[in-house]
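Beneath this line is the structure, given in structure tokens, with notes to follow.
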Amino acid sequence: MLEAQAHHRLKTLLRQEESDWPHHLTLSRLVGRSLRRRDTTLLQLPPSSGERWWLGVLVPLCLNPGAAAIVLTPAQRKWLLQLELPRLREQGLQLPCWQGLTPPPGHQLWILDTDELIAVHQQNLLGERQLLIPDADQLSDRLRRSLAIRIDHHDWERLRQAHPVVEQALLDLHERLSRQVFREAARADDCVRLQGGACQSLRDLLHLIEPCPEPWTALLATDPVQWAEWAELDHRLLQWTWQLEPLEPLQLLNGLLKNRPVLMLSESGECSRIEHELSQANVLITVTATLREQELEEPLPLYAPRRQPLPNTEVYAQHLLEQSRRLILGRTGLTIVLVDDQQLRRQLTSALAAEFGRRVVEESTAPESNGVISAHWDWWLQHHEQVPAPEQLIVALLPIASLSSPLTAARVERLKRRGEDWFRTLLLPEALSLIPGAIAPLRRAGGRLAILDGRLRGRSWGDQVLKQLEPWTPLQRLLPD
């Protein structure tokens with residue numbers, strides 16, 4: 001069997017290499033089994049596994065490279081071609097790879113990014129190949145970015161030049177939309193949802209003057225019910241860009257994962273989001289497996305006082321500053337402060353910098369040994385391997401997506417129209433999926449976690465967050481070193 005052969009080859013390879021990751025052999029058997037059975041498998045890896053999963057995936061593929069197409073980010077593709085393939089060749093293993101939009105002519109692993117995946121799917125070129133998707137929890141976001149349509153002032157100019165007969169009508173519609181978005185902006189360089197009669201009037205006009213240059217043809221192909229539309233403003237130039245993204249790309253790309261063998265890897269530590277997205281796209285997962293690390297099972301010291309103000313209260317910013325100051329004072333290691341609200345993060349960073357000086361930086365991978373990094377959750381998840389292990393992590397705000405985001409607001413409205421619980425169906429699972437990966441470096445370093453968001457104790461769903469943090473031990477008060 002493929003899994004037995006892969007196990008034997010990988011075991012021989014591991015005797016010649018040093019690795020502290022205990023899941024290579026288990027992962028290779030699971031991957032080999034999925035390739036042999038051609039099923040839909042979701043493998044949940046330990047949070048923050050980094051790039052250690054490559055061997056367990058690639059060795060079975062060396063034995064049957066033509067059976068699959070792998071979907072990689074540019075960074076993952078570079079890692080595979082420049083590091084992993086030479087590593088395999090040194091051990092006598094060959095993995096022929098093929099790149100591009102045309103199918104491989106032989107028995108080769110097909111490497112695709114999400115743009116190429118969409119193109120070959122729409123041309124029905126994937127054939128019977130099984131899809132391999134690392135970072136499956138990010139697949140929807142990556143597909144959404146690949147499908148996005150962006151229209152700027154140059155595109156308006158090209159449209160007017162292509163159809164001078166309706167130039168005045170186009171100018172009037174552009175002026176009408178410009179007045180609308182700048183009037184509704186709450187702050188400089190804001191994002192404002194586009195909805196109402198002006199957008200529909202433009203679509204009606206475009207239908208009358210077809211054919212249109214790109215990206216207007218792509219705009220006409222969109223269904224406003226399934227897409228979010230907003231304007232990204234530039235107050236300095238008094239210009240705006242029309243941005244469109246699909247609400248649920250897996251449902252829009254009908255058949256991409258349905259009735260096709262798929263092997264997905266997730267490092268989020270929380271699979272409810274992926275499972276929900278797949279179920280909405282009518283994709284049935286036949287096998288689910290979870291790999292755990294013993295070092296991530298040690299209880300995490302958690303400081304989360306019961307009586308904390310909610311983020312929408314006037315006293316919250318001051319509470320956040322006072323508690324953060326207490327937590328940072330006297331610490332000799334690195335502190336990470338996570339808050340997605342840009343205005344609040346800048347305010348907090350400035351106040352902490354006034355207190356602690358150059359130790360405080362914003363989203364930097366070169367902090368001082370006792371530095372303080374304030375960052376978005378996404379930034380921390382993407383860059384934590386480039387930063388020294390933190391001594392403590394301060395969660396200023398739980399990663400609940402804000403309805404001020406036009407995309408989030410549109411997705412929520414869609415669920416409301418269907419009568420679904422939009423918070424527990426959408427916002428909460430997406431937030432929970434971010435937590436294990438964010439705190440995994442902290443567990444490995446033996447640090448402490450502080451959550452200063454009053455919703456943790458003040459909302460019923462806070463118990464689900466605490467469950468996601470398990471195992472943890474309460475830190476009732478801060479003691480001096």
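Residue numbers start at 1 in each chain; chains themselves are named A, B, ... in the order of the structure tokens; ligands are numbered from 1 in the order shown.
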
- Query: Can you list, as a ChimeraX atom specification, every protein, DNA or RNA residue that comes within 12 Å of Arg38 of chain A when you count only C-alpha atoms, leaving out same-chain residues fewer than 4 positions away?
  - Reply: /A:2,30-34,67-68,128-132,259-263,285-287

Any chance you can output those residues with C-alpha atoms as a tab-separated table (two decimals), in the first residue's frame?
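Final output, out_14.tsv:
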chain	number	residue	atom	x	y	z
A	2	LEU	CA	1.07	3.57	-0.65
A	30	LEU	CA	-2.59	9.78	6.55
A	31	VAL	CA	-1.56	11.54	3.33
A	32	GLY	CA	-0.73	8.23	1.63
A	33	ARG	CA	-4.08	6.81	2.71
A	34	SER	CA	-5.97	9.80	1.32
A	67	ALA	CA	-2.31	11.93	-8.70
A	68	ALA	CA	-2.54	15.44	-7.29
A	128	GLU	CA	-9.34	13.53	-11.87
A	129	ARG	CA	-6.50	15.00	-9.83
A	130	GLN	CA	-6.83	15.23	-6.08
A	131	LEU	CA	-6.38	18.75	-4.67
A	132	LEU	CA	-3.86	19.24	-1.85
A	259	ASN	CA	-17.27	15.53	-6.07
A	260	ARG	CA	-13.48	15.78	-6.13
A	261	PRO	CA	-10.94	14.16	-3.79
A	262	VAL	CA	-9.39	16.87	-1.60
A	263	LEU	CA	-6.70	16.70	1.08
A	285	ILE	CA	-15.62	15.52	4.56
A	286	THR	CA	-15.12	11.77	4.77
A	287	VAL	CA	-12.05	11.67	7.06

- Message: What parts of segment 154-361 of chain A does DSSP call strand (DSSP E)? I'd like the answer as a count of residues only.
- Response: 38

Show me a table, sorted first by chain and then by increasing residue number, of the residues of segment 50-150 of chain A having an atom at most 10 Å from segment 212-218 of chain A, each with its shortest atom pair and the distance in Å to one decimal, counting only C-alpha atoms and written as CSV.
residue,atom,partner,partner_atom,distance
A:Leu147,CA,A:Ala218,CA,9.8
A:Ala148,CA,A:Ala218,CA,9.8
A:Ile149,CA,A:Pro215,CA,7.0
A:Arg150,CA,A:Pro215,CA,7.4

- Message: Counting only C-alpha atoms, which residue out of A:Met1, A:Leu14, A:Leu265, A:Leu43 sits closest to Leu291 of chain A?
- Response: A:Leu43

- Determine the nearest neighbour of Gly447 of chain A from the options A:Gln382, A:Ser279, A:Thr335, A:Ser364, counting only C-alpha atoms. A:Thr335

- Item | Residue nearest Val387 of chain A among A:Leu427, A:Asp340, A:Asp115, A:Leu334 (counting only C-alpha atoms) |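 Counting only C-alpha atoms, the residue closest to Val387 of chain A is A:Leu334.
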
- Show which residues sit within 9 Å of segment 396-404 of chain A, as JSON, numbers by chain. Count only C-alpha atoms, and ignore same-chain residues fewer than 5 positions away. {"A": [191, 192, 311, 320, 324, 337, 338, 339, 340, 341, 345, 376, 377, 409, 410, 412, 427, 428, 430, 431, 432, 434, 435, 450, 451, 452, 453, 454, 455, 456]}

- Pick out each residue of segment 255-287 of chain A that DSSP on the backbone tags as helix (DSSP H, G or I); I need them as a ChimeraX atom specification. /A:272-280

Write the selection just made, keeping N, CA and C atoms, as a PDB file, in the first residue's frame?
ATOM      1  N   SER A 272     -14.129  24.226  12.988  1.00  0.00           N
ATOM      2  CA  SER A 272     -15.552  24.491  12.779  1.00  0.00           C
ATOM      3  C   SER A 272     -15.781  25.458  11.627  1.00  0.00           C
ATOM      4  N   ARG A 273     -14.867  26.427  11.452  1.00  0.00           N
ATOM      5  CA  ARG A 273     -15.029  27.381  10.355  1.00  0.00           C
ATOM      6  C   ARG A 273     -14.905  26.677   9.008  1.00  0.00           C
ATOM      7  N   ILE A 274     -13.878  25.833   8.844  1.00  0.00           N
ATOM      8  CA  ILE A 274     -13.696  25.129   7.575  1.00  0.00           C
ATOM      9  C   ILE A 274     -14.870  24.200   7.312  1.00  0.00           C
ATOM     10  N   GLU A 275     -15.271  23.467   8.341  1.00  0.00           N
ATOM     11  CA  GLU A 275     -16.364  22.520   8.173  1.00  0.00           C
ATOM     12  C   GLU A 275     -17.651  23.227   7.758  1.00  0.00           C
ATOM     13  N   HIS A 276     -17.896  24.427   8.338  1.00  0.00           N
ATOM     14  CA  HIS A 276     -19.102  25.175   7.965  1.00  0.00           C
ATOM     15  C   HIS A 276     -19.016  25.643   6.518  1.00  0.00           C
ATOM     16  N   GLU A 277     -17.862  26.186   6.113  1.00  0.00           N
ATOM     17  CA  GLU A 277     -17.702  26.658   4.742  1.00  0.00           C
ATOM     18  C   GLU A 277     -17.879  25.517   3.745  1.00  0.00           C
ATOM     19  N   LEU A 278     -17.326  24.353   4.071  1.00  0.00           N
ATOM     20  CA  LEU A 278     -17.447  23.217   3.162  1.00  0.00           C
ATOM     21  C   LEU A 278     -18.881  22.708   3.096  1.00  0.00           C
ATOM     22  N   SER A 279     -19.556  22.689   4.246  1.00  0.00           N
ATOM     23  CA  SER A 279     -20.948  22.213   4.241  1.00  0.00           C
ATOM     24  C   SER A 279     -21.838  23.151   3.434  1.00  0.00           C
ATOM     25  N   GLN A 280     -21.571  24.485   3.506  1.00  0.00           N
ATOM     26  CA  GLN A 280     -22.347  25.442   2.719  1.00  0.00           C
ATOM     27  C   GLN A 280     -22.113  25.250   1.225  1.00  0.00           C
TER      28      GLN A 280
END
